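S.K.: What follows is a structure written as structure tokens; I'll ask about it next.
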Amino acid sequence: MRTIKLYGTGSASANGVASVTIPSAATIRGVQAAVRVNSITDGAQVNIEVSRASAREIQTNGAQQSICEVALEGNFVTSGLAQAGVNQFFPTSVAVTQGQIIYLHALVGGTVVYDATFIISYE
């Protein structure tokens with residue numbers, strides 16, 4: 001099993017926040033996602049997508065290039081704000097070719113800063 005890492009940070013919606021090139025034909029067996037958010041507004045949200053497509057497909061029905069997506073939202077309550085985070089492994093079985101580019105995309109709502117690390121395991 002080999003791994004390759006994608007890391008991105010930002011505060012606005014973006015295609016291609018980060019990208020990596022797959023060094024040899026393989027099958028992606030899993031994705032470890034570690035995502036943190038820091039928001040200062042009610043209803044701040046972030047969707048982070050790992051994809052074979054060069055543009056995000058987060059709000060696209062029938063998208064066939066997505067590998068993994070994580071979504072977080074911060075919501076004010078009367079006693080304060082509770083921030084959320086994700087640190088989880090997601091099993092997959094996605095074929096990739098040598099030289100294929102894997103992208104990290106973001107869709108952001110409200111005022112939020114995210115840090116996203118995805119470790120892609122492949123063989």
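Identifiers in the structure tokens: chain A, B, ... in order shown; residue index from 1 per chain; ligand index from 1 in order shown.
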Identify, on the basis of only C-alpha atoms, every residue whose closest approach to Glu49 (chain A) does not exceed 12 Å; exclude the query and any residue fewer than 6 positions from it along the same chain; express the result as a PyMOL selection string.

M.R.: chain A and resi 6-8+13-19+31+33+35+55-60+63+65-72+102-108+116-118

S.K.: For Ser93 (chain A), work out the shell of residues within 7 Å, counting only C-alpha atoms and skipping chain neighbours fewer than 4 positions away, then give it as a PDB file with N, CA, C and O atoms, in the first residue's frame.

M.R.:
ATOM      1  N   THR A  27      -5.304   1.408  -7.727  1.00  0.00           N
ATOM      2  CA  THR A  27      -6.662   1.511  -7.209  1.00  0.00           C
ATOM      3  C   THR A  27      -6.600   2.217  -5.868  1.00  0.00           C
ATOM      4  O   THR A  27      -5.847   1.789  -4.976  1.00  0.00           O
ATOM      5  N   ILE A  28      -7.356   3.300  -5.738  1.00  0.00           N
ATOM      6  CA  ILE A  28      -7.423   4.007  -4.455  1.00  0.00           C
ATOM      7  C   ILE A  28      -8.287   3.164  -3.524  1.00  0.00           C
ATOM      8  O   ILE A  28      -9.442   2.886  -3.819  1.00  0.00           O
ATOM      9  N   ARG A  29      -7.685   2.748  -2.417  1.00  0.00           N
ATOM     10  CA  ARG A  29      -8.363   1.864  -1.467  1.00  0.00           C
ATOM     11  C   ARG A  29      -8.980   2.606  -0.292  1.00  0.00           C
ATOM     12  O   ARG A  29      -9.801   2.052   0.427  1.00  0.00           O
TER      13      ARG A  29
END

S.K.: Give the answer as one residue: which of A:Ser121, A:Ser51, A:Asn75, A:Asn38 has the shortest atom-to-atom distance to Gln100 (chain A), using only C-alpha atoms?

M.R.: A:Ser51

S.K.: For Ser24 (chain A), please output as a list in words all residues within 12 Å (counting only C-alpha atoms; exclusion window: fewer than 4 positions along the same chain).

M.R.: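 Counting only C-alpha atoms, the residues come to Arg2, Thr3, Ile4, Ile28, Ala95, Val96, Thr97, Gln98, Gly99, Gln100, Ile101, Tyr122 and Glu123 of chain A.
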
S.K.: Considering only C-alpha atoms, return as number ranges by chain whatever protein or nucleic-acid residues lie within 10 Å of Glu73 (chain A), sequence-local ones (same chain, fewer than 2 positions apart) excluded.

M.R.: A: 37-39, 42-47, 71, 75, 82-85, 108-110, 112

S.K.: Quick one: pull the distance between CA of Arg36 (chain A) and CA of Thr9 (chain A), Å, one decimal.

M.R.: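 Calculated distance between CA of Arg36 (chain A) and CA of Thr9 (chain A) is 9.5 Å.
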
S.K.: Once DSSP has gone over the backbone, tell me which residues of chain A are in strand (DSSP E or B), as number ranges by chain.

M.R.: A: 2-10, 14-21, 26-39, 44-51, 66-77, 80-82, 85-96, 101-109, 112-122

S.K.: CA of Ile120 (chain A) and CA of Pro91 (chain A), how far apart in Å?

M.R.: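 Interatomic distance, CA of Pro91 (chain A) to CA of Ile120 (chain A): 10.0 Å.
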
S.K.: Interatomic distance between CA of Ile119 (chain A) and CA of Ile22 (chain A)?

M.R.: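 These atoms are spaced 12.6 Å apart.
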